[in-house]
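Source file: target30.cif (mmCIF, C-alpha atoms and all ligand atoms)
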```cif
data_entry
#
loop_
_atom_site.label_atom_id
_atom_site.label_comp_id
_atom_site.auth_asym_id
_atom_site.auth_seq_id
_atom_site.Cartn_x
_atom_site.Cartn_y
_atom_site.Cartn_z
CA MET V 8 155.06 97.77 61.18
CA ASP V 9 157.96 95.90 59.61
CA GLN V 10 160.43 94.23 61.92
CA ALA V 11 163.34 96.59 61.31
CA THR V 12 161.17 99.61 62.12
CA PHE V 13 159.81 97.91 65.24
CA ILE V 14 163.31 97.12 66.48
CA LYS V 15 164.47 100.66 65.80
CA GLN V 16 161.52 102.06 67.70
CA TYR V 17 161.48 99.73 70.70
CA ALA V 18 164.99 98.28 71.26
CA THR V 19 166.71 100.31 73.94
CA ASN V 20 170.10 100.49 75.60
CA ARG V 21 169.54 99.74 79.27
CA ALA V 22 172.89 100.80 80.72
CA ASN V 23 172.70 102.92 83.88
CA THR V 24 169.10 102.08 84.74
CA ASN V 25 169.91 99.72 87.66
CA SER V 26 169.16 96.87 85.28
CA LEU V 27 170.11 93.59 86.94
CA LYS V 28 170.90 92.13 83.55
CA TRP V 29 173.22 94.91 82.33
CA ASP V 30 174.34 96.99 85.28
CA ALA V 31 175.14 94.11 87.65
CA LEU V 32 177.50 92.33 85.22
CA ASP V 33 180.61 93.36 87.11
CA GLN V 34 179.14 92.25 90.42
CA ARG V 35 177.74 88.96 89.08
CA TYR V 36 180.30 87.96 86.46
CA GLY V 37 183.35 90.10 87.32
CA ASN V 38 183.27 91.85 83.95
CA PRO V 39 181.06 94.83 83.06
CA ASP V 40 181.69 94.46 79.31
CA LEU V 41 180.00 91.12 78.66
CA ILE V 42 177.00 90.90 76.34
CA ALA V 43 174.10 90.27 78.72
CA MET V 44 172.13 87.24 77.52
CA TRP V 45 170.98 86.12 80.99
CA VAL V 46 167.93 87.10 83.15
CA ALA V 47 164.49 86.68 81.58
CA ASP V 48 163.56 90.22 80.64
CA MET V 49 163.74 92.10 77.34
CA GLU V 50 165.63 94.95 75.69
CA PHE V 51 162.34 96.20 74.22
CA GLN V 52 160.25 99.03 75.57
CA VAL V 53 156.72 98.04 76.54
CA PRO V 54 153.74 98.67 74.21
CA GLN V 55 153.05 102.37 73.76
CA ALA V 56 149.59 101.94 75.26
CA VAL V 57 151.25 100.77 78.49
CA THR V 58 153.59 103.75 78.62
CA GLN V 59 150.66 106.09 77.99
CA ALA V 60 148.54 104.51 80.72
CA LEU V 61 151.42 104.77 83.20
CA GLN V 62 152.12 108.37 82.17
CA ALA V 63 148.51 109.31 82.78
CA ARG V 64 148.66 107.82 86.29
CA VAL V 65 151.98 109.46 87.03
CA ALA V 66 150.55 112.82 85.94
CA HIS V 67 147.86 112.38 88.59
CA GLY V 68 150.67 112.18 91.14
CA ILE V 69 149.05 110.20 93.96
CA TYR V 70 149.84 106.58 94.80
CA GLY V 71 147.70 105.91 97.84
CA TYR V 72 146.23 102.49 98.71
CA SER V 73 144.33 100.96 95.85
CA TYR V 74 142.11 98.05 95.01
CA THR V 75 141.84 96.07 91.79
CA PRO V 76 139.13 97.53 89.54
CA ASP V 77 136.65 95.30 87.70
CA SER V 78 138.20 96.53 84.47
CA TYR V 79 141.46 94.72 85.37
CA TYR V 80 139.65 91.42 85.94
CA ASP V 81 137.73 91.89 82.69
CA ALA V 82 140.94 92.55 80.73
CA LEU V 83 142.70 89.50 82.20
CA ILE V 84 139.69 87.18 81.77
CA ASP V 85 139.21 88.35 78.22
CA TRP V 86 142.91 87.88 77.40
CA GLU V 87 142.97 84.31 78.73
CA GLN V 88 139.82 83.42 76.84
CA ARG V 89 140.90 85.05 73.59
CA ARG V 90 144.52 83.95 73.56
CA HIS V 91 144.29 80.51 75.21
CA GLY V 92 140.65 79.44 75.43
CA LEU V 93 140.99 79.50 79.23
CA ARG V 94 137.75 80.49 80.98
CA LEU V 95 138.49 82.15 84.30
CA GLU V 96 136.06 83.33 86.90
CA LYS V 97 136.72 86.51 88.81
CA ASP V 98 136.37 84.71 92.17
CA TRP V 99 139.28 82.43 91.35
CA ILE V 100 141.82 85.23 91.00
CA ARG V 101 144.17 86.46 93.73
CA PHE V 102 147.13 88.82 93.39
CA GLY V 103 150.78 88.53 94.29
CA THR V 104 153.88 90.68 94.00
CA GLY V 105 155.68 88.10 91.88
CA VAL V 106 155.29 84.47 90.94
CA VAL V 107 158.29 83.35 92.99
CA ASN V 108 156.89 85.04 96.11
CA SER V 109 153.64 83.19 95.51
CA LEU V 110 155.44 79.86 95.14
CA TYR V 111 156.85 80.32 98.65
CA ALA V 112 153.40 81.18 100.03
CA LEU V 113 151.75 78.25 98.24
CA ILE V 114 154.31 75.71 99.45
CA ASN V 115 153.67 76.92 102.99
CA THR V 116 149.92 76.83 102.55
CA TYR V 117 149.55 73.32 101.20
CA THR V 118 152.47 71.29 102.55
CA GLN V 119 154.28 70.60 105.80
CA PRO V 120 158.03 70.52 106.48
CA GLY V 121 159.40 67.19 105.26
CA ASP V 122 156.69 66.66 102.63
CA GLY V 123 157.89 65.56 99.20
CA VAL V 124 157.66 68.20 96.44
CA LEU V 125 158.34 67.10 92.88
CA ILE V 126 159.90 69.11 90.04
CA LEU V 127 161.03 68.10 86.55
CA THR V 128 164.67 69.04 85.95
CA PRO V 129 166.43 70.99 84.56
CA VAL V 130 164.09 73.75 85.72
CA TYR V 131 163.97 77.43 86.75
CA TYR V 132 166.24 77.47 89.80
CA PRO V 133 163.99 79.30 92.31
CA PHE V 134 161.86 76.11 92.31
CA PHE V 135 164.74 74.35 94.09
CA ASN V 136 165.20 77.26 96.50
CA ALA V 137 161.51 77.52 97.38
CA ILE V 138 161.41 73.81 98.28
CA ARG V 139 164.70 73.74 100.18
CA ASP V 140 164.25 77.08 101.97
CA ASN V 141 160.97 75.76 103.35
CA HIS V 142 162.53 72.46 104.46
CA ARG V 143 160.40 70.34 102.17
CA GLN V 144 161.88 67.23 100.60
CA LEU V 145 163.16 67.95 97.09
CA VAL V 146 162.13 65.19 94.67
CA THR V 147 163.37 65.46 91.09
CA SER V 148 162.60 63.63 87.89
CA ALA V 149 164.97 64.34 85.00
CA LEU V 150 163.54 65.23 81.62
CA VAL V 151 164.91 63.13 78.79
CA ASN V 152 166.73 64.94 76.00
CA ASP V 153 165.82 63.19 72.76
CA HIS V 154 167.97 65.05 70.19
CA GLY V 155 166.98 68.44 71.57
CA HIS V 156 163.34 67.48 72.15
CA TYR V 157 162.84 67.14 75.89
CA GLN V 158 160.33 64.60 77.15
CA ILE V 159 158.85 63.57 80.46
CA ASP V 160 159.86 60.17 81.82
CA PHE V 161 156.41 59.18 83.07
CA ASP V 162 157.56 55.90 84.63
CA ASP V 163 160.17 57.76 86.62
CA VAL V 164 157.63 60.41 87.68
CA ALA V 165 155.23 57.69 88.88
CA ALA V 166 157.98 55.88 90.76
CA LYS V 167 159.27 59.06 92.39
CA ILE V 168 155.79 60.13 93.49
CA LYS V 169 155.18 56.78 95.15
CA ALA V 170 158.63 56.30 96.67
CA ASN V 171 158.72 59.76 98.26
CA GLU V 172 155.08 60.26 99.20
CA VAL V 173 155.01 63.38 97.10
CA ARG V 174 152.27 65.85 98.16
CA LEU V 175 152.90 68.63 95.67
CA PHE V 176 154.14 68.88 92.08
CA ILE V 177 155.40 72.23 90.81
CA GLN V 178 155.36 72.28 87.05
CA CYS V 179 156.77 74.81 84.64
CA SER V 180 154.47 75.17 81.65
CA PRO V 181 155.87 76.23 79.19
CA HIS V 182 159.09 74.81 80.58
CA ASN V 183 162.03 77.10 81.34
CA PRO V 184 164.82 76.36 80.32
CA VAL V 185 164.18 73.53 77.83
CA GLY V 186 161.55 75.42 75.80
CA ARG V 187 158.84 72.80 75.71
CA ILE V 188 155.14 73.56 75.55
CA TRP V 189 153.60 70.41 76.98
CA THR V 190 150.94 68.89 74.76
CA GLU V 191 147.47 68.17 76.08
CA GLU V 192 148.31 64.47 75.92
CA GLU V 193 151.44 64.89 78.04
CA GLU V 194 149.62 67.13 80.50
CA THR V 195 146.76 64.67 80.77
CA LYS V 196 149.14 61.83 81.59
CA LEU V 197 151.04 63.89 84.10
CA LEU V 198 148.00 65.31 85.85
CA ALA V 199 146.33 61.88 85.91
CA LEU V 200 149.37 60.55 87.76
CA CYS V 201 148.94 63.38 90.27
CA GLU V 202 145.23 62.56 90.57
CA GLU V 203 145.91 58.87 91.18
CA ASN V 204 148.34 59.71 93.95
CA ASP V 205 146.45 62.65 95.42
CA VAL V 206 149.17 65.14 94.56
CA LEU V 207 148.34 68.84 94.39
CA VAL V 208 149.71 70.75 91.37
CA ILE V 209 151.10 74.24 91.12
CA SER V 210 151.36 75.14 87.46
CA ASP V 211 153.74 78.04 86.84
CA GLU V 212 152.38 79.42 83.58
CA ILE V 213 154.25 82.73 83.54
CA HIS V 214 155.54 81.92 80.02
CA GLN V 215 152.05 81.05 78.70
CA ASP V 216 151.97 83.79 76.06
CA LEU V 217 155.44 83.11 74.68
CA GLU V 218 154.38 80.62 72.05
CA ILE V 219 156.86 80.41 69.21
CA ASP V 220 154.47 78.75 66.76
CA ARG V 221 150.90 78.97 68.03
CA THR V 222 149.55 76.67 65.35
CA ALA V 223 152.03 73.83 65.76
CA HIS V 224 152.57 74.11 69.52
CA PRO V 225 149.73 75.92 71.28
CA PHE V 226 149.89 76.44 75.03
CA ILE V 227 147.18 74.80 77.10
CA SER V 228 146.63 75.73 80.73
CA ALA V 229 146.54 72.94 83.31
CA LEU V 230 143.10 74.30 84.21
CA THR V 231 141.81 73.52 80.72
CA VAL V 232 143.47 70.12 80.13
CA ALA V 233 140.96 67.31 79.46
CA ASN V 234 138.06 69.78 79.60
CA GLY V 235 139.02 70.93 83.06
CA ARG V 236 139.12 67.45 84.60
CA PHE V 237 142.01 68.40 86.89
CA ALA V 238 141.03 71.97 87.72
CA ASP V 239 140.16 71.06 91.31
CA ARG V 240 143.73 70.05 92.10
CA VAL V 241 145.54 72.73 90.09
CA ILE V 242 146.70 76.16 91.19
CA VAL V 243 147.96 78.37 88.38
CA VAL V 244 150.44 81.17 88.90
CA ASN V 245 150.97 83.60 86.05
CA ALA V 246 151.50 87.29 85.33
CA PRO V 247 151.68 89.84 82.54
CA SER V 248 155.32 90.49 83.50
CA LYS V 249 157.22 88.03 81.27
CA THR V 250 154.92 88.64 78.29
CA PHE V 251 155.06 92.44 78.40
CA ASN V 252 158.41 93.13 80.13
CA LEU V 253 156.94 94.41 83.39
CA ALA V 254 158.83 92.37 86.01
CA SER V 255 159.74 95.23 88.34
CA LEU V 256 156.14 96.41 88.61
CA LEU V 257 155.42 93.43 90.88
CA ASN V 258 151.99 92.31 89.77
CA SER V 259 151.15 88.61 89.40
CA HIS V 260 148.21 86.23 89.76
CA VAL V 261 147.35 83.14 91.79
CA ILE V 262 144.39 81.35 90.24
CA ILE V 263 142.51 78.78 92.31
CA ALA V 264 139.35 77.20 90.90
CA ASN V 265 138.56 74.94 93.85
CA GLU V 266 136.65 76.67 96.63
CA GLN V 267 138.20 74.73 99.50
CA LEU V 268 141.76 75.28 98.27
CA ARG V 269 140.94 78.97 97.83
CA ALA V 270 139.66 79.26 101.40
CA GLN V 271 142.82 77.55 102.63
CA TYR V 272 144.96 79.98 100.62
CA ASP V 273 143.04 83.04 101.83
CA ALA V 274 143.38 81.95 105.44
CA ALA V 275 147.11 81.33 105.07
CA ILE V 276 147.71 84.68 103.36
CA ASN V 277 145.75 86.48 106.08
CA ARG V 278 148.07 84.98 108.66
CA LEU V 279 151.21 85.87 106.72
CA SER V 280 150.61 89.34 105.31
CA GLN V 281 148.19 91.97 104.16
CA THR V 282 147.56 91.83 100.46
CA GLU V 283 148.20 95.16 98.82
CA VAL V 284 148.23 95.43 95.04
CA SER V 285 150.74 97.23 92.86
CA VAL V 286 148.76 100.09 91.35
CA LEU V 287 151.28 100.79 88.59
CA GLY V 288 151.64 97.06 87.94
CA GLN V 289 147.91 96.71 87.44
CA ILE V 290 147.58 99.82 85.29
CA ALA V 291 150.38 98.50 83.09
CA GLY V 292 148.96 94.96 83.02
CA GLU V 293 145.47 96.09 82.10
CA ALA V 294 146.72 98.34 79.28
CA ALA V 295 148.90 95.50 78.00
CA TYR V 296 146.08 92.94 77.99
CA ARG V 297 143.80 95.40 76.23
CA ASN V 298 146.19 96.95 73.72
CA GLY V 299 149.42 94.95 73.71
CA GLU V 300 148.59 92.05 71.43
CA ALA V 301 150.07 93.45 68.20
CA TRP V 302 153.26 94.39 70.10
CA LEU V 303 153.50 90.85 71.51
CA ASP V 304 153.15 89.32 68.07
CA GLN V 305 156.04 91.50 66.87
CA ILE V 306 158.17 90.36 69.82
CA LEU V 307 157.36 86.71 69.11
CA ALA V 308 158.41 87.13 65.47
CA ILE V 309 161.75 88.59 66.61
CA VAL V 310 162.30 85.75 69.09
CA ARG V 311 161.44 83.22 66.39
CA ASP V 312 163.91 84.78 63.94
CA ASN V 313 166.59 84.99 66.63
CA TYR V 314 166.06 81.33 67.42
CA HIS V 315 166.24 80.28 63.78
CA TYR V 316 169.47 82.26 63.46
CA VAL V 317 171.02 80.47 66.47
CA GLN V 318 169.83 77.10 65.29
CA SER V 319 170.86 77.43 61.66
CA GLN V 320 174.28 78.96 62.38
CA LEU V 321 175.16 76.32 64.95
CA ALA V 322 173.84 73.50 62.73
CA ALA V 323 175.99 74.77 59.87
CA HIS V 324 179.19 75.62 61.74
CA ALA V 325 179.15 73.72 65.05
CA PRO V 326 176.77 70.79 64.69
CA GLN V 327 178.14 69.22 67.88
CA VAL V 328 176.21 71.84 69.87
CA LYS V 329 172.75 70.52 70.74
CA VAL V 330 170.11 73.23 70.46
CA ALA V 331 166.88 72.40 72.26
CA GLU V 332 163.72 72.76 70.20
CA LEU V 333 162.14 76.09 71.12
CA GLN V 334 158.35 75.83 71.37
CA GLY V 335 157.73 78.24 74.24
CA THR V 336 159.56 80.92 76.26
CA TYR V 337 162.14 83.26 74.73
CA LEU V 338 165.03 81.28 76.19
CA THR V 339 167.19 78.93 74.16
CA TRP V 340 169.02 76.04 75.79
CA LEU V 341 172.33 74.91 74.32
CA ASP V 342 174.28 71.81 75.27
CA LEU V 343 177.98 72.52 74.60
CA ARG V 344 179.35 69.40 76.25
CA ALA V 345 180.44 67.79 73.00
CA CYS V 346 182.90 70.63 72.33
CA VAL V 347 183.64 72.33 75.65
CA ASP V 348 184.91 70.63 78.79
CA PRO V 349 182.08 71.30 81.30
CA ALA V 350 184.64 72.10 83.99
CA THR V 351 185.83 75.08 81.91
CA ILE V 352 182.44 76.32 80.70
CA HIS V 353 182.55 79.58 82.70
CA GLN V 354 185.95 80.56 81.30
CA PHE V 355 184.80 79.60 77.82
CA VAL V 356 181.56 81.59 77.95
CA GLN V 357 182.85 84.66 79.77
CA ASP V 358 186.54 84.95 78.85
CA GLN V 359 186.47 83.54 75.34
CA CYS V 360 182.97 84.44 74.16
CA GLY V 361 182.41 87.62 76.21
CA LEU V 362 178.91 86.54 77.25
CA ALA V 363 176.87 86.55 80.43
CA VAL V 364 174.48 83.58 80.38
CA ASP V 365 172.52 81.41 82.78
CA TYR V 366 174.59 78.29 83.42
CA GLY V 367 173.21 74.78 83.12
CA GLU V 368 174.14 73.76 86.66
CA TRP V 369 171.88 76.50 88.04
CA PHE V 370 168.94 74.50 86.62
CA SER V 371 170.22 71.08 87.72
CA PRO V 372 173.62 69.95 89.03
CA ASP V 373 174.01 67.45 86.17
CA GLN V 374 173.63 70.14 83.48
CA GLN V 375 177.05 71.77 83.74
CA GLY V 376 178.16 72.48 80.18
CA CYS V 377 174.72 73.66 79.06
CA ILE V 378 173.83 77.36 78.83
CA ARG V 379 170.63 79.37 78.49
CA LEU V 380 170.55 82.38 76.18
CA ASN V 381 167.82 85.02 76.28
CA LEU V 382 166.51 85.78 72.78
CA ALA V 383 164.06 88.58 73.63
CA THR V 384 166.63 91.09 72.57
CA ASP V 385 167.97 93.11 69.68
CA PRO V 386 169.13 90.64 67.00
CA LYS V 387 172.50 92.41 66.93
CA TYR V 388 173.32 90.88 70.34
CA VAL V 389 172.20 87.42 69.23
CA HIS V 390 174.32 87.62 66.07
CA GLN V 391 177.35 88.74 68.07
CA ALA V 392 176.81 86.03 70.70
CA VAL V 393 176.60 83.29 68.07
CA GLN V 394 179.68 84.60 66.28
CA ASN V 395 181.59 84.66 69.56
CA ILE V 396 180.53 81.09 70.38
CA LEU V 397 181.58 79.89 66.92
CA ASN V 398 184.94 81.68 67.22
CA GLY V 399 185.41 80.23 70.69
CA ILE V 400 184.74 76.69 69.49
CA ALA V 401 187.09 77.19 66.53
CA SER V 402 189.88 78.36 68.83
CA LEU V 403 189.37 75.36 71.13
CA LYS V 404 189.68 73.07 68.12
CA SER V 405 192.85 74.74 66.87
CA ALA V 406 194.37 74.45 70.35
CA ASP V 407 193.74 70.66 70.35
C1 LIG V 501 159.14 79.82 85.32
C2 LIG V 501 159.31 81.17 85.96
N1 LIG V 501 158.59 81.48 87.04
C3 LIG V 501 158.71 82.69 87.63
C4 LIG V 501 159.60 83.62 87.16
C5 LIG V 501 159.75 84.93 87.86
O1 LIG V 501 158.54 85.47 88.18
P1 LIG V 501 158.42 86.73 89.14
O2 LIG V 501 159.38 87.77 88.64
O3 LIG V 501 157.00 87.11 88.99
O4 LIG V 501 158.76 86.26 90.52
C6 LIG V 501 160.37 83.34 86.03
C7 LIG V 501 161.32 84.33 85.52
O5 LIG V 501 162.10 84.07 84.66
C8 LIG V 501 160.22 82.08 85.42
O6 LIG V 501 160.93 81.74 84.33
#
```
Target encoding structure tokens, full file:
Amino acid sequence: MDQATFIKQYATNRANTNSLKWDALDQRYGNPDLIAMWVADMEFQVPQAVTQALQARVAHGIYGYSYTPDSYYDALIDWEQRRHGLRLEKDWIRFGTGVVNSLYALINTYTQPGDGVLILTPVYYPFFNAIRDNHRQLVTSALVNDHGHYQIDFDDVAAKIKANEVRLFIQCSPHNPVGRIWTEEEETKLLALCEENDVLVISDEIHQDLEIDRTAHPFISALTVANGRFADRVIVVNAPSKTFNLASLLNSHVIIANEQLRAQYDAAINRLSQTEVSVLGQIAGEAAYRNGEAWLDQILAIVRDNYHYVQSQLAAHAPQVKVAELQGTYLTWLDLRACVDPATIHQFVQDQCGLAVDYGEWFSPDQQGCIRLNLATDPKYVHQAVQNILNGIASLKSAD
């Protein structure tokens, strides 16, 4: 299907559906008429095979307690192998009702109050909350922005691990919001540092499938790095939700290869809660893994084109704006500090540009003046957003 036909068929107006992104604009930003470029979900309907599978279950009309069928495991294992060369075993897989929920459970399972937990900033803000809410010690290492290409400061990571007796590292791979897919070399260095210092790793791989150029920048799971050398100290959390736009169906995975860590997790979860699965979430996820690949490739092409539009327009008309290189995720990260006073960024973005975005300081206090735009949307919104940003910058200049 060509892209225009795909967009026509799948792009959908979400107003009046209790969409957090669109229907909570007034509550969150004080203006219901902004273009919603925040929250990481999409304006595209899910693959038709997913809708059909859900419709068949809804027609049955009963939603009693369920278990996960073997066919779900098979679909997930097959997807990971086919798409990423990741070989999972059924025994390793546990289920959650969302990756963030699982982060809270995992922090409680493997660390004690006061323990150091490391994150690389700027990063998805619930990482900060999960560490602070559980009274662990927040340890941060800032990524280095080398002309839009973010890199890990390995010396700083090593020093921070040692100085703070870090017990746990929570990594974001691919990294939201800076769009990096870590290379195997970077991952090997990072995980070797964790190994040397006996640090456990939670690898949040929810964006694993959102590879912008799979040939140039392929995703590699922390479980696969260096032929699985680190698999015994890595816990992966992922889900079909980001890939296939299923967030509200509350179905995610916790993947633990090491038997002892798995036993520890199972014991902790038994103490905390009973583990029910989301039947609709799993029906949707299985259908997506089995029949959603062509749909995903169409989405990735749209995201890629949207990104190139943002990048080329800003390079041509506002080259002071730094656009981070987008390798993974559908989120683009813009540094506007060279043209907008960071203290006025909210007024600029909302009042002048008419946009709702995720603000830089949500991802790290020192990032005020950066914004994150969601590109998994109808190109018409991206074009309008870029035009509004360019007009906004032009009017700031003329006011100077
Ligand atoms: C890195 C990362 N982890 C987790 C989530 C949310 O996952 P869930 O909705 O399963 O809690 C997001 C959503 O944007 C994310 O970017």
Check which residues of chain V sit at most 10 Å from ligand LIG 501 (chain V) using all atoms listed in the file, and return one row each with the closest pair of atoms and their distance in Å to one decimal, ordered by chain and rising number, as a tab-separated table.
```
residue	atom	partner	partner_atom	distance
V:Trp45	CA	V:LIG501	O5	9.8
V:Val46	CA	V:LIG501	O5	6.7
V:Ala47	CA	V:LIG501	O5	4.7
V:Asp48	CA	V:LIG501	O5	7.5
V:Gly103	CA	V:LIG501	O3	8.3
V:Thr104	CA	V:LIG501	O3	6.9
V:Gly105	CA	V:LIG501	O3	3.3
V:Val106	CA	V:LIG501	O3	3.7
V:Val107	CA	V:LIG501	O4	3.8
V:Asn108	CA	V:LIG501	O4	6.0
V:Ser109	CA	V:LIG501	O4	7.8
V:Leu110	CA	V:LIG501	O4	8.6
V:Val130	CA	V:LIG501	C1	7.8
V:Tyr131	CA	V:LIG501	C1	5.6
V:Tyr132	CA	V:LIG501	C1	8.7
V:Pro133	CA	V:LIG501	C3	7.8
V:Phe134	CA	V:LIG501	N1	8.2
V:Gln178	CA	V:LIG501	C1	8.6
V:Cys179	CA	V:LIG501	C1	5.6
V:Ser180	CA	V:LIG501	C1	7.5
V:Pro181	CA	V:LIG501	C1	7.8
V:His182	CA	V:LIG501	C1	6.9
V:Asn183	CA	V:LIG501	C1	5.6
V:Pro184	CA	V:LIG501	O6	7.8
V:Ser210	CA	V:LIG501	C1	9.3
V:Asp211	CA	V:LIG501	C1	5.9
V:Glu212	CA	V:LIG501	C1	7.0
V:Ile213	CA	V:LIG501	N1	5.7
V:His214	CA	V:LIG501	C1	6.7
V:Gln215	CA	V:LIG501	C1	9.8
V:Val244	CA	V:LIG501	N1	8.4
V:Asn245	CA	V:LIG501	O3	7.6
V:Ala246	CA	V:LIG501	O3	6.6
V:Pro247	CA	V:LIG501	O3	8.8
V:Ser248	CA	V:LIG501	O3	6.7
V:Lys249	CA	V:LIG501	C7	7.0
V:Leu253	CA	V:LIG501	O2	8.8
V:Ala254	CA	V:LIG501	O2	5.3
V:Ser255	CA	V:LIG501	O2	7.5
V:Leu256	CA	V:LIG501	O2	9.2
V:Leu257	CA	V:LIG501	O3	6.8
V:Asn258	CA	V:LIG501	O3	7.3
V:Ser259	CA	V:LIG501	O3	6.1
V:His260	CA	V:LIG501	O3	8.9
V:Thr336	CA	V:LIG501	O6	8.2
V:Tyr337	CA	V:LIG501	O6	9.8
V:Leu338	CA	V:LIG501	O6	9.1
```
Nearest to Ile309 in chain V by atom-to-atom distance, counting only C-alpha atoms, from V:Asn252, V:Asn398, V:Ser285, V:Thr384 =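 Among V:Asn252, V:Asn398, V:Ser285, V:Thr384, it is V:Thr384 that comes nearest to Ile309 in chain V.
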key: Between CA of Asn298 in chain V and CA of Val389 in chain V - distance in Å to one decimal   =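 That distance, rounded to one decimal, is 28.1 Å.
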request  = Kindly extract all protein, DNA and RNA residues lying within 12 Å of the coordinates (155.8, 54.7, 87.2) given in the file, considering all atoms listed in the file, and supply them as a VMD selection string.
outcome  = chain V and resid 148 159 to 170 196 to 197 199 to 201 203 to 204
Proximity to Ala291 in chain V - best of V:Glu266, V:His353, V:Phe251, V:His67, all atoms listed in the file =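 Checking each candidate against Ala291 in chain V, we get V:Phe251 as the closest.
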ask   = Using all atoms listed in the file, which residues sit within 10 Å of Gln305 in chain V once same-chain residues fewer than 4 positions away are excluded, as a VMD selection string?
value = chain V and resid 8 to 10 13 to 14 300 to 301 309 to 311
ask   = What is the CA of Ser73 in chain V to CA of Ile242 in chain V distance in Å?
value =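 These two atoms are separated by 25.3 Å.
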request  = Figure out the distance between CA of Asn23 in chain V and CA of Gly367 in chain V, please, to one decimal in Å.
outcome  =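 Calculated distance between CA of Gly367 in chain V and CA of Asn23 in chain V is 28.2 Å.
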Edge lengths and centre in Å, axis-aligned, range 91-108 of chain V plus 5 Å each side, as lines of an AutoDock Vina configuration file:
```
center_x = 147.2
center_y = 85.1
center_z = 85.7
size_x = 32.2
size_y = 21.2
size_z = 30.9
```
query = So, counting all atoms listed in the file, which residue among V:Ile290, V:Gly335, V:Leu230, V:Pro386 is closest to Tyr70 in chain V?
reply =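 Answer, going by the shortest atom-to-atom distance: V:Ile290.
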task = Would you list the contacts of Asn171 in chain V as a list in words, taking every protein, DNA or RNA residue within 10 Å and counting only C-alpha atoms, but skipping same-chain residues closer than 3 positions in sequence?
result =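 Returned residues: Asp122, Gly123, Val124, Leu125, Gln144, Leu145, Val146, Ala166, Lys167, Ile168 and Arg174 of chain V.
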request  = Find the residue from V:Leu343, V:Ile42, V:Val356, V:Leu362 that sits nearest to Asn20 in chain V; use all atoms listed in the file when measuring.
outcome  =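 Smallest distance to Asn20 in chain V is found for V:Ile42.
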key: Selected residue, from V:Pro39, V:Pro326, V:Gly235, V:Gly71, that lies nearest to Leu287 in chain V when counting only C-alpha atoms   =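 Once distances to Leu287 in chain V are computed over only C-alpha atoms, the minimum belongs to V:Gly71.
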query = Looking at V:Ala43, V:Leu403, V:Leu95, V:Ser280, which one is nearest to Ala22 in chain V, with distances taken over only C-alpha atoms?
reply = V:Ala43
Compile the contact shell of Asn395 in chain V as a short mmCIF file (atom, residue, chain, number, x, y, z; two decimals) with C-alpha atoms, in the coordinates of the input: residues with an atom at most 10 Å away, counting only C-alpha atoms, same-chain residues fewer than 2 positions apart removed.
```
data_model
loop_
_atom_site.label_atom_id
_atom_site.label_comp_id
_atom_site.auth_asym_id
_atom_site.auth_seq_id
_atom_site.Cartn_x
_atom_site.Cartn_y
_atom_site.Cartn_z
CA VAL V 356 181.56 81.59 77.95
CA GLN V 359 186.47 83.54 75.34
CA CYS V 360 182.97 84.44 74.16
CA GLY V 361 182.41 87.62 76.21
CA LEU V 362 178.91 86.54 77.25
CA VAL V 389 172.20 87.42 69.23
CA HIS V 390 174.32 87.62 66.07
CA GLN V 391 177.35 88.74 68.07
CA ALA V 392 176.81 86.03 70.70
CA VAL V 393 176.60 83.29 68.07
CA LEU V 397 181.58 79.89 66.92
CA ASN V 398 184.94 81.68 67.22
CA GLY V 399 185.41 80.23 70.69
CA ILE V 400 184.74 76.69 69.49
CA ALA V 401 187.09 77.19 66.53
#
```
